[in-house]
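With TSV, C-alpha atoms inside, this is final.tsv:
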```tsv
chain	number	residue	atom	x	y	z
A	95	MET	CA	8.44	96.71	88.75
A	96	LEU	CA	12.01	97.16	87.48
A	97	PRO	CA	12.52	98.36	83.90
A	98	SER	CA	13.22	95.51	81.49
A	99	LYS	CA	16.85	96.51	80.89
A	100	LYS	CA	17.59	96.45	84.63
A	101	LEU	CA	15.89	93.09	84.99
A	102	ILE	CA	17.94	91.69	82.10
A	103	TYR	CA	21.12	92.99	83.76
A	104	ILE	CA	20.35	91.33	87.10
A	105	THR	CA	19.43	88.04	85.38
A	106	PHE	CA	22.69	88.18	83.40
A	107	ILE	CA	24.81	88.70	86.53
A	108	PHE	CA	23.33	85.74	88.38
A	109	SER	CA	23.56	83.56	85.27
A	110	ILE	CA	27.29	84.34	85.01
A	111	MET	CA	27.72	83.44	88.69
A	112	PHE	CA	26.03	80.10	88.15
A	113	ILE	CA	28.14	79.28	85.09
A	114	TYR	CA	31.43	80.15	86.81
A	115	THR	CA	30.66	78.38	90.05
A	116	SER	CA	29.89	75.27	88.01
A	117	SER	CA	33.20	75.46	86.10
A	118	PRO	CA	36.53	73.88	87.10
A	119	ALA	CA	38.26	75.97	89.80
A	120	GLN	CA	41.57	76.21	87.92
A	121	VAL	CA	40.08	78.24	85.03
A	122	SER	CA	37.45	80.21	86.91
A	123	PRO	CA	37.97	83.76	88.13
A	124	GLU	CA	37.17	84.77	91.65
A	125	ILE	CA	33.60	86.08	91.88
A	126	GLN	CA	32.58	88.74	94.38
A	127	LEU	CA	29.13	89.79	95.48
A	128	GLY	CA	28.45	92.74	97.73
A	129	ALA	CA	25.12	94.22	98.71
A	130	ARG	CA	24.00	96.80	101.24
A	131	GLY	CA	20.46	97.68	102.16
A	132	VAL	CA	20.02	101.01	103.94
A	133	MET	CA	16.43	101.59	105.04
A	134	SER	CA	15.42	104.53	107.21
A	135	PHE	CA	12.28	106.25	108.34
A	136	ASN	CA	13.02	109.99	108.14
A	137	VAL	CA	11.18	112.73	109.99
A	138	ASP	CA	12.13	116.21	108.70
A	139	HIS	CA	11.25	119.63	109.99
A	140	GLN	CA	12.41	122.71	108.09
A	141	ASP	CA	11.94	126.26	109.27
A	142	GLY	CA	8.59	127.65	108.09
A	143	GLN	CA	7.44	124.35	106.57
A	144	THR	CA	5.28	121.42	107.61
A	145	THR	CA	6.99	118.42	109.21
A	146	SER	CA	7.28	115.51	106.76
A	147	ALA	CA	7.93	111.78	107.14
A	148	VAL	CA	9.24	109.41	104.47
A	149	ASN	CA	10.46	105.83	104.10
A	150	ASP	CA	13.93	106.17	102.54
A	151	PHE	CA	15.88	103.34	100.87
A	152	SER	CA	18.34	105.48	98.90
A	153	ASP	CA	21.99	104.34	98.67
A	154	SER	CA	20.96	100.67	98.86
A	155	GLY	CA	22.74	98.81	96.11
A	156	LEU	CA	24.36	95.73	94.61
A	157	LEU	CA	27.99	95.19	93.55
A	158	THR	CA	29.41	92.34	91.47
A	159	GLY	CA	33.11	91.79	90.89
A	160	PHE	CA	35.33	89.37	88.95
A	161	ARG	CA	39.07	88.99	89.65
A	162	GLN	CA	41.63	87.10	87.61
A	163	LYS	CA	45.31	86.23	88.08
A	164	LEU	CA	47.34	87.58	85.15
A	165	TYR	CA	50.53	86.22	83.60
A	166	ASN	CA	52.73	88.35	85.86
A	167	ASN	CA	52.49	89.63	89.43
A	168	PHE	CA	49.37	91.63	88.62
A	169	ARG	CA	45.73	90.69	88.92
A	170	GLY	CA	42.78	92.18	87.04
A	171	GLN	CA	39.34	93.07	88.35
A	172	LEU	CA	36.03	94.08	86.79
A	173	VAL	CA	33.35	95.66	89.01
A	174	ILE	CA	29.79	96.56	88.01
A	175	GLY	CA	27.37	97.99	90.54
A	176	PHE	CA	24.25	100.06	90.93
A	177	GLN	CA	22.39	101.78	93.72
A	178	PHE	CA	19.03	103.42	94.31
A	179	PRO	CA	19.54	107.22	94.18
A	180	ASP	CA	17.71	109.81	96.25
A	181	ALA	CA	13.98	109.99	95.61
A	182	ASP	CA	14.17	113.65	94.51
A	183	SER	CA	17.01	113.11	92.01
A	184	ASP	CA	16.57	112.93	88.24
A	185	LEU	CA	18.77	109.83	87.85
A	186	GLY	CA	15.94	107.36	87.42
A	187	GLN	CA	15.17	104.26	89.45
A	188	LEU	CA	18.71	102.83	89.31
A	189	PHE	CA	22.06	104.57	89.07
A	190	PHE	CA	25.16	102.68	87.89
A	191	HIS	CA	27.79	104.17	90.19
A	192	GLN	CA	30.58	101.56	89.76
A	193	THR	CA	31.72	100.26	86.36
A	194	PHE	CA	35.49	99.95	86.18
A	195	ILE	CA	38.48	97.72	85.50
A	196	ARG	CA	41.42	97.70	87.88
A	197	LEU	CA	44.93	96.28	87.57
A	198	GLU	CA	46.98	95.91	90.74
A	199	ASN	CA	49.92	94.25	92.37
A	200	LYS	CA	51.45	94.65	95.81
A	201	SER	CA	52.49	98.28	95.30
A	202	ASN	CA	50.68	99.64	92.24
A	203	ILE	CA	47.05	100.19	91.22
A	204	LEU	CA	45.61	101.38	87.90
A	205	LYS	CA	41.89	102.08	87.70
A	206	LEU	CA	39.79	103.10	84.67
A	207	GLY	CA	36.02	103.52	84.43
A	208	ARG	CA	33.24	104.97	86.53
A	209	SER	CA	33.67	105.06	90.29
A	210	ARG	CA	33.90	107.21	93.40
A	211	VAL	CA	35.81	110.42	92.67
A	212	ARG	CA	38.46	111.73	95.07
A	213	SER	CA	36.23	114.43	96.53
A	214	ALA	CA	36.99	113.32	100.12
A	215	LEU	CA	39.98	111.69	101.82
A	216	ILE	CA	38.28	109.87	104.70
A	217	GLU	CA	34.85	108.57	105.71
A	218	PHE	CA	32.80	109.78	108.66
A	219	PRO	CA	30.36	107.73	110.78
A	220	THR	CA	27.16	109.08	109.24
A	221	LEU	CA	24.33	106.82	108.11
A	222	ARG	CA	24.73	107.80	104.44
A	223	ASP	CA	27.75	109.36	102.75
A	224	ASP	CA	25.81	112.46	101.69
A	225	ASP	CA	24.42	113.30	105.16
A	226	ALA	CA	27.10	115.99	105.56
A	227	LEU	CA	28.05	116.39	101.90
A	228	PHE	CA	28.60	120.17	101.93
A	229	PHE	CA	31.23	119.80	104.67
A	230	THR	CA	32.91	116.50	103.80
A	231	ASP	CA	33.30	116.63	100.00
A	232	VAL	CA	34.78	118.88	97.36
A	233	LEU	CA	31.72	120.13	95.47
A	234	ASN	CA	31.21	119.73	91.73
A	235	PRO	CA	31.10	123.24	90.17
A	236	PHE	CA	29.63	121.89	86.91
A	237	SER	CA	26.47	120.54	88.55
A	238	SER	CA	23.23	122.31	89.40
A	239	GLY	CA	23.47	120.73	92.86
A	240	GLU	CA	20.24	118.74	92.50
A	241	ASN	CA	21.86	115.27	92.67
A	242	THR	CA	24.25	114.33	95.45
A	243	GLN	CA	25.80	111.70	93.15
A	244	ASP	CA	27.15	114.51	90.93
A	245	HIS	CA	29.71	115.27	93.68
A	246	GLN	CA	30.62	111.67	94.45
A	247	TYR	CA	30.78	109.67	91.20
A	248	GLY	CA	32.30	110.25	87.79
A	249	ASN	CA	34.54	108.80	85.09
A	250	VAL	CA	37.98	108.24	86.59
A	251	ALA	CA	41.52	107.47	85.46
A	252	GLU	CA	43.64	106.87	88.53
A	253	ALA	CA	47.10	105.53	89.29
A	254	ALA	CA	48.36	104.78	92.79
A	255	HIS	CA	51.69	103.69	94.25
A	256	ILE	CA	52.01	102.36	97.79
A	257	PHE	CA	55.29	102.84	99.62
A	258	GLY	CA	55.86	100.22	102.30
A	259	GLN	CA	52.13	99.35	102.35
A	260	ARG	CA	51.45	102.51	104.40
A	261	VAL	CA	52.08	105.59	102.26
A	262	TRP	CA	49.67	106.03	99.34
A	263	LEU	CA	50.40	108.36	96.44
A	264	ARG	CA	47.46	108.78	94.05
A	265	VAL	CA	47.28	110.75	90.81
A	266	HIS	CA	43.88	111.12	89.16
A	267	GLY	CA	42.06	112.63	86.23
A	268	GLU	CA	38.27	112.75	86.47
A	269	HIS	CA	35.17	113.74	84.58
A	270	PHE	CA	32.56	115.21	86.89
A	271	THR	CA	28.97	115.21	85.66
A	272	LYS	CA	27.83	118.42	84.00
A	273	THR	CA	24.23	119.55	84.29
A	274	PRO	CA	22.95	120.12	80.72
A	275	VAL	CA	22.18	123.74	79.91
A	276	PRO	CA	19.03	124.35	77.82
A	277	PRO	CA	18.43	123.98	74.95
A	278	ALA	CA	20.89	121.04	75.17
A	279	GLU	CA	19.12	117.84	76.17
A	280	SER	CA	22.18	115.83	77.17
A	281	GLU	CA	25.88	116.16	77.80
A	282	THR	CA	28.19	115.40	74.86
A	283	ASP	CA	31.56	116.41	76.37
A	284	PHE	CA	33.10	113.59	78.40
A	285	GLY	CA	36.65	114.96	78.58
A	286	LEU	CA	38.56	115.27	81.84
A	287	ASN	CA	37.45	118.34	83.78
A	288	ALA	CA	39.32	117.68	87.05
A	289	VAL	CA	42.87	116.62	87.91
A	290	GLY	CA	44.71	116.20	91.17
A	291	PHE	CA	46.73	114.03	93.51
A	292	SER	CA	46.81	112.96	97.14
A	293	LEU	CA	49.40	111.68	99.60
A	294	GLN	CA	48.24	109.64	102.61
A	295	TYR	CA	49.75	107.65	105.44
A	296	ARG	CA	47.36	104.80	106.34
A	297	VAL	CA	47.77	101.97	108.84
A	298	PRO	CA	46.70	98.74	107.07
A	299	GLU	CA	43.43	97.26	108.28
A	300	THR	CA	45.24	94.10	109.39
A	301	GLN	CA	47.24	96.20	111.87
A	302	LEU	CA	44.42	98.28	113.34
A	303	TRP	CA	44.16	95.94	116.33
A	304	ASN	CA	47.47	97.49	117.52
A	305	ARG	CA	45.58	100.78	117.99
A	306	PRO	CA	48.42	103.17	117.03
A	307	PHE	CA	47.72	106.81	117.96
A	308	LEU	CA	48.08	107.99	114.36
A	309	GLN	CA	45.87	105.86	112.15
A	310	GLN	CA	45.75	108.06	109.06
A	311	ILE	CA	46.91	111.47	107.85
A	312	GLY	CA	46.85	112.92	104.37
A	313	ILE	CA	46.66	115.87	102.03
A	314	GLY	CA	44.93	116.12	98.67
A	315	PHE	CA	44.75	118.60	95.80
A	316	ASN	CA	41.72	118.84	93.47
A	317	ASN	CA	41.64	121.19	90.49
A	318	PHE	CA	38.52	121.72	88.35
A	319	LEU	CA	39.23	122.83	84.78
A	320	THR	CA	36.57	125.50	84.28
A	321	ASP	CA	35.86	128.08	81.57
A	322	ARG	CA	36.28	131.06	83.92
A	323	PRO	CA	35.35	134.22	81.95
A	324	GLY	CA	38.10	136.78	81.37
A	325	TYR	CA	41.02	134.39	81.87
A	326	SER	CA	42.99	132.45	79.24
A	327	SER	CA	45.55	130.73	81.44
A	328	GLU	CA	44.53	127.20	82.46
A	329	PHE	CA	46.03	127.82	85.90
A	330	ASP	CA	43.87	130.92	86.44
A	331	GLN	CA	40.78	129.13	85.12
A	332	ALA	CA	41.27	126.17	87.48
A	333	LEU	CA	39.16	126.05	90.65
A	334	LYS	CA	41.62	124.78	93.28
A	335	HIS	CA	40.95	122.84	96.48
A	336	ILE	CA	43.32	121.68	99.22
A	337	THR	CA	42.10	118.95	101.60
A	338	PHE	CA	43.72	117.89	104.88
A	339	SER	CA	42.54	114.89	106.89
A	340	THR	CA	43.55	112.82	109.89
A	341	ILE	CA	42.31	109.95	112.07
A	342	LEU	CA	43.61	109.64	115.63
A	343	ASN	CA	43.06	106.76	118.05
A	344	LEU	CA	42.50	108.46	121.41
A	345	LYS	CA	42.25	105.26	123.47
A	346	PRO	CA	44.69	102.37	122.79
A	347	ASP	CA	42.28	99.64	123.87
A	348	PRO	CA	41.37	96.50	121.88
A	349	ILE	CA	37.75	96.51	123.14
A	350	HIS	CA	36.81	100.16	123.66
A	351	PHE	CA	37.71	102.05	120.47
A	352	VAL	CA	37.71	105.85	120.69
A	353	ASP	CA	38.86	107.80	117.65
A	354	LEU	CA	38.80	111.37	116.36
A	355	ARG	CA	38.31	112.09	112.67
A	356	HIS	CA	38.85	115.49	111.06
A	357	GLN	CA	38.93	116.93	107.56
A	358	THR	CA	39.35	120.50	106.34
A	359	ILE	CA	38.73	121.63	102.74
A	360	PHE	CA	40.12	124.96	101.49
A	361	ASN	CA	38.44	126.17	98.29
A	362	THR	CA	40.56	129.01	96.84
A	363	GLY	CA	37.55	130.19	94.83
A	364	PHE	CA	37.32	132.97	92.28
A	365	ASP	CA	37.95	136.57	93.41
A	366	GLU	CA	35.10	137.99	91.33
A	367	ILE	CA	32.44	136.05	93.24
A	368	ASP	CA	31.38	138.13	96.24
A	369	GLN	CA	27.68	137.22	96.23
A	370	ILE	CA	25.78	133.93	96.24
A	371	SER	CA	22.42	133.50	94.54
A	372	ASP	CA	22.57	129.86	93.44
A	373	TYR	CA	24.51	126.64	93.84
A	374	SER	CA	26.97	127.40	90.99
A	375	ALA	CA	28.15	130.61	92.64
A	376	MET	CA	28.44	128.86	96.01
A	377	ALA	CA	30.70	126.14	94.57
A	378	ARG	CA	32.98	128.78	92.98
A	379	ALA	CA	33.20	131.15	95.97
A	380	ARG	CA	36.17	131.04	98.34
A	381	SER	CA	35.30	128.87	101.34
A	382	ILE	CA	36.67	126.86	104.25
A	383	ALA	CA	34.82	123.71	105.35
A	384	ALA	CA	35.69	121.57	108.37
A	385	PHE	CA	34.10	118.40	109.73
A	386	THR	CA	35.06	116.53	112.92
A	387	SER	CA	33.74	113.29	114.44
A	388	LEU	CA	34.28	111.72	117.84
A	389	ARG	CA	33.44	108.01	117.75
A	390	TYR	CA	33.18	105.26	120.36
A	391	LEU	CA	33.02	101.60	119.28
A	392	TYR	CA	32.54	98.65	121.60
A	393	ARG	CA	34.24	95.67	119.94
A	394	ARG	CA	34.53	92.50	121.98
A	395	LEU	CA	35.96	89.26	120.54
A	396	GLU	CA	36.49	91.07	117.22
A	397	ARG	CA	32.75	91.67	116.92
A	398	GLN	CA	31.45	95.22	116.57
A	399	THR	CA	28.46	95.56	118.90
A	400	VAL	CA	27.73	99.21	119.72
A	401	GLN	CA	28.85	102.45	118.06
A	402	LEU	CA	28.13	106.01	119.22
A	403	ALA	CA	29.31	109.08	117.31
A	404	LEU	CA	29.01	112.85	117.57
A	405	SER	CA	30.01	115.01	114.58
A	406	PHE	CA	30.17	118.72	113.90
A	407	GLY	CA	30.66	120.60	110.62
A	408	TYR	CA	31.28	124.28	109.89
A	409	LYS	CA	31.68	126.13	106.59
A	410	THR	CA	32.34	129.81	106.01
A	411	PHE	CA	32.65	132.09	102.96
A	412	PRO	CA	35.06	134.88	103.97
A	413	ASP	CA	34.89	136.97	100.75
A	414	LEU	CA	31.12	137.44	100.47
A	415	LEU	CA	29.62	140.89	100.96
A	416	ASP	CA	26.85	139.28	102.99
A	417	LYS	CA	28.52	137.26	105.75
A	418	SER	CA	27.43	133.67	105.19
A	419	ASP	CA	28.20	130.43	106.93
A	420	GLN	CA	26.58	127.11	107.75
A	421	TRP	CA	27.02	124.48	110.42
A	422	GLN	CA	25.69	121.04	111.20
A	423	TRP	CA	25.45	118.62	114.13
A	424	VAL	CA	25.10	114.87	113.59
A	425	ALA	CA	24.62	112.40	116.46
A	426	ASN	CA	23.96	108.70	115.94
A	427	GLY	CA	24.12	105.28	117.51
A	428	TYR	CA	24.06	101.72	116.12
A	429	TYR	CA	23.55	98.31	117.69
A	430	ARG	CA	24.40	95.04	115.94
A	431	LEU	CA	21.42	92.67	116.08
A	432	GLY	CA	23.17	89.87	114.22
A	433	GLU	CA	25.87	89.20	111.67
A	434	ASN	CA	26.08	92.35	109.47
A	435	PHE	CA	22.58	93.48	110.55
A	436	ASP	CA	22.32	96.76	112.46
A	437	VAL	CA	19.65	98.99	113.91
A	438	GLY	CA	20.38	102.67	114.44
A	439	ILE	CA	19.09	106.16	115.07
A	440	GLN	CA	20.53	109.44	113.77
A	441	LEU	CA	19.74	113.05	114.61
A	442	GLN	CA	20.83	115.93	112.36
A	443	TYR	CA	20.51	119.66	112.79
A	444	GLN	CA	21.82	122.18	110.27
A	445	ARG	CA	21.62	125.94	110.10
A	446	ALA	CA	22.58	128.53	107.47
A	447	SER	CA	23.02	132.28	107.61
A	448	GLY	CA	23.25	135.13	105.13
A	449	ALA	CA	22.91	134.36	101.43
A	450	LEU	CA	22.98	130.62	102.08
A	451	GLN	CA	19.44	130.76	103.44
A	452	SER	CA	18.14	131.22	99.89
A	453	ILE	CA	19.65	127.81	99.03
A	454	PHE	CA	19.24	125.76	102.22
A	455	GLY	CA	16.65	127.65	104.25
A	456	LYS	CA	17.38	128.88	107.78
A	457	ASP	CA	17.50	125.57	109.62
A	458	GLU	CA	16.44	121.94	109.36
A	459	THR	CA	16.10	119.07	111.83
A	460	ARG	CA	16.00	115.41	110.77
A	461	ILE	CA	15.52	112.23	112.79
A	462	GLN	CA	16.23	108.87	111.12
A	463	PHE	CA	15.38	105.39	112.40
A	464	ALA	CA	17.43	102.92	110.36
A	465	LEU	CA	17.95	99.24	109.56
A	466	VAL	CA	21.10	98.30	107.65
A	467	TYR	CA	22.05	94.89	106.24
A	468	SER	CA	25.35	94.22	104.47
A	469	ILE	CA	26.39	91.11	102.53
A	470	SER	CA	29.81	90.15	101.18
A	471	GLN	CA	30.29	86.78	99.49
A	472	LEU	CA	33.12	85.14	97.52
A	473	TRP	CA	33.12	82.21	95.12
A	474	ASN	CA	36.34	80.46	94.06
A	475	ASP	CA	38.36	82.44	96.62
A	476	GLN	CA	41.90	82.97	95.27
A	477	PHE	CA	43.34	86.21	96.61
A	478	ASP	CA	44.26	87.94	99.84
A	479	ASP	CA	42.19	91.09	100.15
A	480	ARG	CA	43.57	94.58	100.58
A	481	GLU	CA	39.98	95.82	100.65
A	482	SER	CA	36.69	93.94	100.24
A	483	ILE	CA	34.21	94.87	97.53
A	484	LEU	CA	32.02	96.57	100.15
A	485	ASN	CA	34.85	99.02	100.84
A	486	LEU	CA	33.69	100.70	97.62
A	487	GLU	CA	30.54	101.69	99.51
A	488	HIS	CA	30.21	104.15	102.36
A	489	GLY	CA	30.77	102.52	105.75
A	490	TYR	CA	28.68	104.05	108.54
A	491	ILE	CA	30.86	102.01	110.93
A	492	PRO	CA	34.37	102.90	109.64
```

This entry written out as structure tokens:
Amino acid sequence: MLPSKKLIYITFIFSIMFIYTSSPAQVSPEIQLGARGVMSFNVDHQDGQTTSAVNDFSDSGLLTGFRQKLYNNFRGQLVIGFQFPDADSDLGQLFFHQTFIRLENKSNILKLGRSRVRSALIEFPTLRDDDALFFTDVLNPFSSGENTQDHQYGNVAEAAHIFGQRVWLRVHGEHFTKTPVPPAESETDFGLNAVGFSLQYRVPETQLWNRPFLQQIGIGFNNFLTDRPGYSSEFDQALKHITFSTILNLKPDPIHFVDLRHQTIFNTGFDEIDQISDYSAMARARSIAAFTSLRYLYRRLERQTVQLALSFGYKTFPDLLDKSDQWQWVANGYYRLGENFDVGIQLQYQRASGALQSIFGKDETRIQFALVYSISQLWNDQFDDRESILNLEHGYIP
């Protein structure tokens, strides 16, 4: 049974929907509802341990949004959403991952609240967004590494300007979650602890049917404001990351989509870290992480039917005394059974060497049998959409 506060929240949301849908259209805001259920049966085998099987519904969630035309060319939006976190996290039964207000017009976006941090520039065709987290995202150095959401969600203040609807310049300040250090029971500092910006060229979704060779390319800079011992300069204390990404359409065909996705993350690290014994040291050590996906999508009559993808990730730590690296293979396939309802299978294999084995073990194999159902609904439709509310969630079919 859901806790009473969560039940009250859900009842409140649907009550608001009923009230607004019953009101005159000229005074009502646009109401958005997005939901995604991700259910998988996971079979895991880790080196030296017994094979385990679990029914996993993590990352399933609900999003509600309200949009309003303002007195100028801008429109305002409020989004509130929650998801079910990983079973082994300490985030409770529900995790509120989206709670923000956004102002936007044709070329400018201002966003304040809690949302997805800019720890990655593109999405990859994995079942869940954390399936290859250590290769695809800039890692949170303030976390203990127990919760994957620590690397993906935080308090954000972000401004974006779009040049010609294709070139995106984003500037952001973020607060990444800090793991409380005993004897403290909770975090009391909510100041910004990360700043950065990104520049991306992106073909609008309405033009993807043209299948241009270059679909997206970008570069991002993330800087964590740490308390590095022995340094007083904020520049020297900052943990710096440079991210490069690109998406290429290898086959210009309107039915048979073939694309290549790649992202590389350079973590400049701290020179004094030459050994890894825990997650904190790993996040602060100099590293290079790369992840690449080759994807095939059969899309006839604008309907996605079959997707097959093969992905590979590699990460190395060049400055460690004990040579350490890790790599991962991910292969998956999905078939659309009906409107927004998919069945899929995913196979993962990851291996670590050197000091990383104390954190991840030597190797792990996982097989996942999945059912995924996505819902997107509008009431009092008023606006053209640059992105639907479900674009806030990870898309296993990009």

- Task: Can you work out which one of A:Tyr325, A:Phe236, A:Phe284, A:Phe385 has the shortest atom-to-atom distance to Thr358 (chain A), counting only C-alpha atoms?
- Result: A:Phe385

Would you pick out the contacts of Asn361 (chain A) at 7 Å or less, using all atoms listed in the file, so that residues sharing its chain but fewer than 4 positions from it are not included, and give the list as a PDB file with C-alpha atoms, in the frame of the given file?
```
ATOM      1  CA  LYS A 334      41.620 124.780  93.280  1.00  0.00           C
ATOM      2  CA  HIS A 335      40.950 122.840  96.480  1.00  0.00           C
ATOM      3  CA  ILE A 336      43.320 121.680  99.220  1.00  0.00           C
ATOM      4  CA  ARG A 380      36.170 131.040  98.340  1.00  0.00           C
ATOM      5  CA  SER A 381      35.300 128.870 101.340  1.00  0.00           C
ATOM      6  CA  ILE A 382      36.670 126.860 104.250  1.00  0.00           C
TER       7      ILE A 382
END
```

- Item | Contacts of Ile349 (chain A) within 6 Å, only C-alpha atoms, excl. fewer than 2 positions in-chain, as a ChimeraX atom specification | /A:347,392-394

- Message: Using only C-alpha atoms, which protein or nucleic acid residues come within 7 Å of Asp231 (chain A)? Drop anything in the same chain fewer than 2 positions from it, and give the result as a PyMOL selection string.
- Response: chain A and resi 213-214+227-229+233

Using all atoms listed in the file, which residues of region 421-475 of chain A come within 10 Å of region 135-142 of chain A, and what is the closest atom pair for each, with the distance in Å to one decimal? Give it as a tab-separated table, sorted by chain and residue number.
```
residue	atom	partner	partner_atom	distance
A:Ile439	CA	A:Phe135	CA	9.6
A:Gln440	CA	A:Asn136	CA	9.4
A:Leu441	CA	A:Val137	CA	9.7
A:Gln442	CA	A:Asp138	CA	9.4
A:Tyr443	CA	A:His139	CA	9.7
A:Gln444	CA	A:Gln140	CA	9.7
A:Arg445	CA	A:Asp141	CA	9.7
A:Phe454	CA	A:Gln140	CA	9.5
A:Gly455	CA	A:Asp141	CA	7.0
A:Lys456	CA	A:Asp141	CA	6.2
A:Asp457	CA	A:Asp141	CA	5.6
A:Glu458	CA	A:Gln140	CA	4.3
A:Thr459	CA	A:His139	CA	5.2
A:Arg460	CA	A:Asp138	CA	4.5
A:Ile461	CA	A:Val137	CA	5.2
A:Gln462	CA	A:Asn136	CA	4.5
A:Phe463	CA	A:Phe135	CA	5.2
A:Ala464	CA	A:Phe135	CA	6.5
A:Leu465	CA	A:Phe135	CA	9.1
```

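Ranking A:Asn202, A:Ser405, A:Ser482, A:Ser371 by their shortest atom-to-atom distance to Thr386 (chain A), with all atoms listed in the file included, puts A:Ser405 first.
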
- Once you count all atoms listed in the file, which residues end up no further than 10 Å from (23.1, 122.0, 88.0) in the file's frame, shown as a PyMOL selection string? chain A and resi 234-241+244+271-275+372-374

Take the residues from that selection and put them in a file with C-alpha atoms, as a CSV table (one decimal), in the coordinates of the input.
```csv
chain,number,residue,atom,x,y,z
A,234,ASN,CA,31.2,119.7,91.7
A,235,PRO,CA,31.1,123.2,90.2
A,236,PHE,CA,29.6,121.9,86.9
A,237,SER,CA,26.5,120.5,88.6
A,238,SER,CA,23.2,122.3,89.4
A,239,GLY,CA,23.5,120.7,92.9
A,240,GLU,CA,20.2,118.7,92.5
A,241,ASN,CA,21.9,115.3,92.7
A,244,ASP,CA,27.2,114.5,90.9
A,271,THR,CA,29.0,115.2,85.7
A,272,LYS,CA,27.8,118.4,84.0
A,273,THR,CA,24.2,119.6,84.3
A,274,PRO,CA,23.0,120.1,80.7
A,275,VAL,CA,22.2,123.7,79.9
A,372,ASP,CA,22.6,129.9,93.4
A,373,TYR,CA,24.5,126.6,93.8
A,374,SER,CA,27.0,127.4,91.0
```

- Neighbours of Leu333 (chain A) within 12 Å (all atoms listed in the file; same-chain residues fewer than 3 positions away dropped), as a PyMOL selection string? chain A and resi 232-236+287-290+315-322+328-330+336+360-365+377-381

List as a tab-separated table every residue of region 218-272 of chain A that is in contact with region 418-435 of chain A, defined as an atom at most 9 Å from one of its atoms (using only C-alpha atoms), together with the nearest atom pair and the distance in Å rounded to one decimal, sorted by chain and then rising number.
```
residue	atom	partner	partner_atom	distance
A:Pro219	CA	A:Asn426	CA	8.3
A:Thr220	CA	A:Asn426	CA	7.4
A:Leu221	CA	A:Asn426	CA	8.1
A:Asp225	CA	A:Val424	CA	8.6
A:Ala226	CA	A:Gln422	CA	7.7
A:Phe229	CA	A:Trp421	CA	8.5
```

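Once region 301-309 of chain A and its same-chain neighbours fewer than 4 positions away are set aside, Val297, Ile341, Leu342, Asn343 and Pro346 of chain A remain within 6 Å of it when counting only C-alpha atoms.
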
- Message: Please report the interatomic distance between CA of Thr340 (chain A) and CA of Glu198 (chain A) in Å with one decimal.
- Response: 25.8 Å

Around all listed atoms of region 150-157 of chain A, padded 5 Å per side, what centre and edge lengths does the axis-aligned box have in Å to one decimal, as JSON?
```
{"center_x": 21.0, "center_y": 100.7, "center_z": 98.0, "size_x": 24.1, "size_y": 21.0, "size_z": 19.0}
```

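Atom pair CA of Gln310 (chain A) / CA of Gln294 (chain A): separated by 7.1 Å.
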
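Put simply, CA of Gly314 (chain A) is 19.3 Å away from CA of His488 (chain A).
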
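In this comparison, which uses all atoms listed in the file, the residue of A:Leu415, A:Leu486, A:Leu215, A:Leu286 approaching Arg355 (chain A) most closely is A:Leu215.
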
Counting only C-alpha atoms, write as a PDB file with C-alpha atoms, in the frame of the given file all protein and nucleic acid residues lying at most 9 Å from (47.4, 94.5, 91.6) in the file's frame.
```
ATOM      1  CA  ASN A 167      52.490  89.630  89.430  1.00  0.00           C
ATOM      2  CA  PHE A 168      49.370  91.630  88.620  1.00  0.00           C
ATOM      3  CA  ARG A 169      45.730  90.690  88.920  1.00  0.00           C
ATOM      4  CA  GLY A 170      42.780  92.180  87.040  1.00  0.00           C
ATOM      5  CA  GLN A 171      39.340  93.070  88.350  1.00  0.00           C
ATOM      6  CA  ARG A 196      41.420  97.700  87.880  1.00  0.00           C
ATOM      7  CA  LEU A 197      44.930  96.280  87.570  1.00  0.00           C
ATOM      8  CA  GLU A 198      46.980  95.910  90.740  1.00  0.00           C
ATOM      9  CA  ASN A 199      49.920  94.250  92.370  1.00  0.00           C
ATOM     10  CA  LYS A 200      51.450  94.650  95.810  1.00  0.00           C
ATOM     11  CA  SER A 201      52.490  98.280  95.300  1.00  0.00           C
ATOM     12  CA  ASN A 202      50.680  99.640  92.240  1.00  0.00           C
ATOM     13  CA  ILE A 203      47.050 100.190  91.220  1.00  0.00           C
ATOM     14  CA  LEU A 204      45.610 101.380  87.900  1.00  0.00           C
TER      15      LEU A 204
END
```

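Here the question is which of A:Arg480, A:Thr158, A:Ala449, A:Leu293 gets nearest to Asp416 (chain A) using all atoms listed in the file, and that residue is A:Ala449.
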
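When only C-alpha atoms are used to compute distances to Gly128 (chain A), the closest of the residues A:Gly258, A:Gln476, A:Gln471, A:Pro412 turns out to be A:Gln471.
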
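Ranking A:Phe477, A:Phe176, A:Phe406, A:Phe194 by their shortest atom-to-atom distance to Glu252 (chain A), with all atoms listed in the file included, puts A:Phe194 first.
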